[in-house]
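Before any comments, here is the structure.
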Amino acid sequence: MDAFTLHNYQITVTIPEKPHPKEGFPVLYVLDGAHNGPVVRAIIDAQMMMRKLTKISRMIVVTIEQPPAKRFFDFTPQAPHYNVTSTFPMPKEGPFGGAEVFQQFLVHDVKPFIAAHYPASSRSTLFGHSLSGSYVLWHLLTAPEDFTSYIALSPSVWWNDEELLTYSTALLEAHSPKSLYVAVGEFERSMHAPIERLLTHLSAVPHTFYIAPEENHLSVLPTVLSRALRFIK
């Protein structure tokens, strides 16, 4: 496992043991690395012990961790105004609106670095949970060709009055990725309808939507991750 800093982001890269396939490994890019990275790596390591049964591919895992103060900035797109709700914990005055800058960093700095230094194939998946799950869907709408697959767990589609529903799907219709996996916990009931509305908007993308029985916003990630990872081929 390698760890390094790139533009003030802590990047951790986990590589499967040899032999390495000639075409390279698929790459899973994990956002919110401070929270999601340890869980994702631990689950993948456990699954690899019986991967012929779990049907999960060997893969490179890249976790991206930003300074805590940048999280809401990185994962929210620019907007004329921000309707900040009191229902969910968040800074009331931002800063918001840095998703475009973070997207450029991810696509033009992180991905080329991984391709140049590790045995990576052309197959890649962008993974996020909660606010970073919402960013995953925004990236899908604005630059769908950047990744082969997208995974969004409990995405915050409610953000800023469900603004993701206002985005055009023209790029998706021209450059649809291989797959989209979206899941939410049964007990996250306020999030179900916004996600379902957005998925209707994303009908051009082959997708799976799963409601995890008896799970909440925090328990859904470890519960559902194995299902989601089977979509990475």
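Chain labels A, B, ... are given in the sequence in which chains occur in the structure tokens; within each chain residues are numbered consecutively from 1, and ligands are likewise numbered from 1 in the order shown.
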
I need the residues in region 90-201 of chain A that are strand (DSSP E) according to DSSP; give them as a PyMOL selection string.
chain A and resi 120-129+149-153+179-185

Who sits within 8 Å of region 131-141 of chain A, only C-alpha atoms, same chain under 2 positions skipped, as a PyMOL selection string:
chain A and resi 31-32+72+75-77+99+103+126-129+143-145+150-157+164+167-169+171-172

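Taking CA of Lys22 (chain A) as the reference point, CA of Ile44 (chain A) is found at 21.6 Å.
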
Among the residues of region 33-232 of chain A, find those DSSP assigns to helix (DSSP H, G or I) from the backbone and print them as a PyMOL selection string.
chain A and resi 33-48+51-54+68-74+99-117+131-142+144-146+159-166+170-174+189-201+220-229

Taking 6 positions as the minimum chain separation for residues in the same chain, which residues sit within 12 Å of region 35-37 of chain A when counting only C-alpha atoms? Answer as a ChimeraX atom specification.
/A:3,10-14,28-29,43-44,61-66,68,71,127-133,153,218-222,225

Could you please take those selected residues and save C-alpha atoms as a short mmCIF file (atom, residue, chain, number, x, y, z; two decimals), in the first residue's frame?
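Output file again_37.cif is given in full below:
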data_model
loop_
_atom_site.label_atom_id
_atom_site.label_comp_id
_atom_site.auth_asym_id
_atom_site.auth_seq_id
_atom_site.Cartn_x
_atom_site.Cartn_y
_atom_site.Cartn_z
CA ALA A 3 0.44 6.70 0.55
CA GLN A 10 -3.77 12.35 0.88
CA ILE A 11 -3.81 9.58 -1.72
CA THR A 12 -3.60 5.93 -0.66
CA VAL A 13 -3.14 3.22 -3.28
CA THR A 14 -3.63 -0.50 -2.59
CA LEU A 28 -11.69 1.87 -7.88
CA TYR A 29 -11.44 5.57 -6.97
CA ILE A 43 -14.00 -5.36 2.83
CA ILE A 44 -12.13 -5.91 -0.43
CA VAL A 61 -8.08 0.84 -4.75
CA VAL A 62 -7.28 4.55 -4.74
CA THR A 63 -8.65 6.54 -1.81
CA ILE A 64 -8.65 10.33 -1.97
CA GLU A 65 -8.77 12.30 1.26
CA GLN A 66 -9.09 16.08 1.34
CA PRO A 68 -11.96 18.35 6.28
CA ARG A 71 -15.29 18.52 1.78
CA PHE A 127 -17.25 5.53 -5.71
CA GLY A 128 -18.86 7.85 -3.16
CA HIS A 129 -21.21 7.80 -0.19
CA SER A 130 -23.53 10.54 1.06
CA LEU A 131 -22.32 13.94 -0.18
CA SER A 132 -19.52 12.33 -2.18
CA GLY A 133 -22.17 9.98 -3.62
CA LEU A 153 -24.38 4.91 -1.92
CA LEU A 218 -24.04 4.85 8.13
CA SER A 219 -24.69 1.10 8.07
CA VAL A 220 -25.55 0.95 4.37
CA LEU A 221 -21.95 1.30 3.19
CA PRO A 222 -20.44 -1.88 4.71
CA LEU A 225 -20.47 -2.61 -0.73
#

Excluding same-chain residues fewer than 4 positions from His117 (chain A), what lies within 12 Å of it counting only C-alpha atoms, as a ChimeraX atom specification?
/A:2,13,15,24,60,110-113,121

Take the residues from that selection and write them out as a compact mmCIF listing (two decimals), in the first residue's frame, keeping C-alpha atoms.
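Below is the file that was written, selection-v8.txt:
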# COMPACT_ATOMS: atom_id res chain seq x y z
CA ASP A 2 1.40 3.38 -1.03
CA VAL A 13 -3.14 3.22 -3.28
CA ILE A 15 -2.42 -2.94 -5.25
CA GLY A 24 -3.71 -4.25 -15.77
CA ILE A 60 -6.45 -1.32 -7.44
CA VAL A 110 -4.92 11.73 -10.03
CA LYS A 111 -5.96 9.42 -12.89
CA PRO A 112 -2.88 10.09 -15.07
CA PHE A 113 -0.60 9.61 -12.05
CA SER A 121 -6.19 -0.96 -16.95

Pick out the closest residue to Val84 (chain A) from this set: A:Ala69, A:Ala46, A:Trp159, A:Val101. Count only C-alpha atoms.
A:Trp159

Tell me which protein, DNA and RNA residues are within 12 Å of Arg189 (chain A), counting only C-alpha atoms, leaving out same-chain ones fewer than 4 positions away, and put them as a PyMOL selection string.
chain A and resi 154+158+184-185+193-196+211-217

Saved selection, atoms kept: C-alpha atoms, as an mmCIF file, in the first residue's frame:
data_model
loop_
_atom_site.group_PDB
_atom_site.id
_atom_site.type_symbol
_atom_site.label_atom_id
_atom_site.label_comp_id
_atom_site.auth_asym_id
_atom_site.auth_seq_id
_atom_site.Cartn_x
_atom_site.Cartn_y
_atom_site.Cartn_z
ATOM 1 C CA SER A 154 -26.948 7.033 -0.078
ATOM 2 C CA TRP A 158 -31.683 16.387 -1.913
ATOM 3 C CA VAL A 184 -29.825 3.568 -0.012
ATOM 4 C CA GLY A 185 -30.859 2.224 3.388
ATOM 5 C CA ALA A 193 -37.979 9.836 -3.432
ATOM 6 C CA PRO A 194 -35.249 12.281 -4.556
ATOM 7 C CA ILE A 195 -33.033 9.380 -5.653
ATOM 8 C CA GLU A 196 -35.889 7.710 -7.509
ATOM 9 C CA ILE A 211 -32.890 -0.401 -1.013
ATOM 10 C CA ALA A 212 -31.015 -2.203 1.761
ATOM 11 C CA PRO A 213 -33.445 -3.672 4.323
ATOM 12 C CA GLU A 214 -33.154 -2.333 7.893
ATOM 13 C CA GLU A 215 -30.091 -0.191 7.098
ATOM 14 C CA ASN A 216 -29.467 3.463 7.895
ATOM 15 C CA HIS A 217 -27.205 6.155 6.477
#

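Distance-wise, CA of Val182 (chain A) and CA of Tyr9 (chain A) end up 26.1 Å apart.
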
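Using only C-alpha atoms, the nearest neighbour of Met48 (chain A) within the list A:Phe73, A:Thr125, A:Glu17, A:Phe102 is A:Glu17.
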
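The residue set within 8 Å of Thr148 (chain A), counting only C-alpha atoms and dropping same-chain residues fewer than 4 places from it, reads A:Arg123, A:Ser124, A:Thr125, A:Pro177, A:Lys178, A:Ser179.
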
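The residue that comes closest to Arg227 (chain A), out of A:Gln78, A:Thr54, A:Thr5, A:Thr166 and on the basis of only C-alpha atoms, is A:Thr54.
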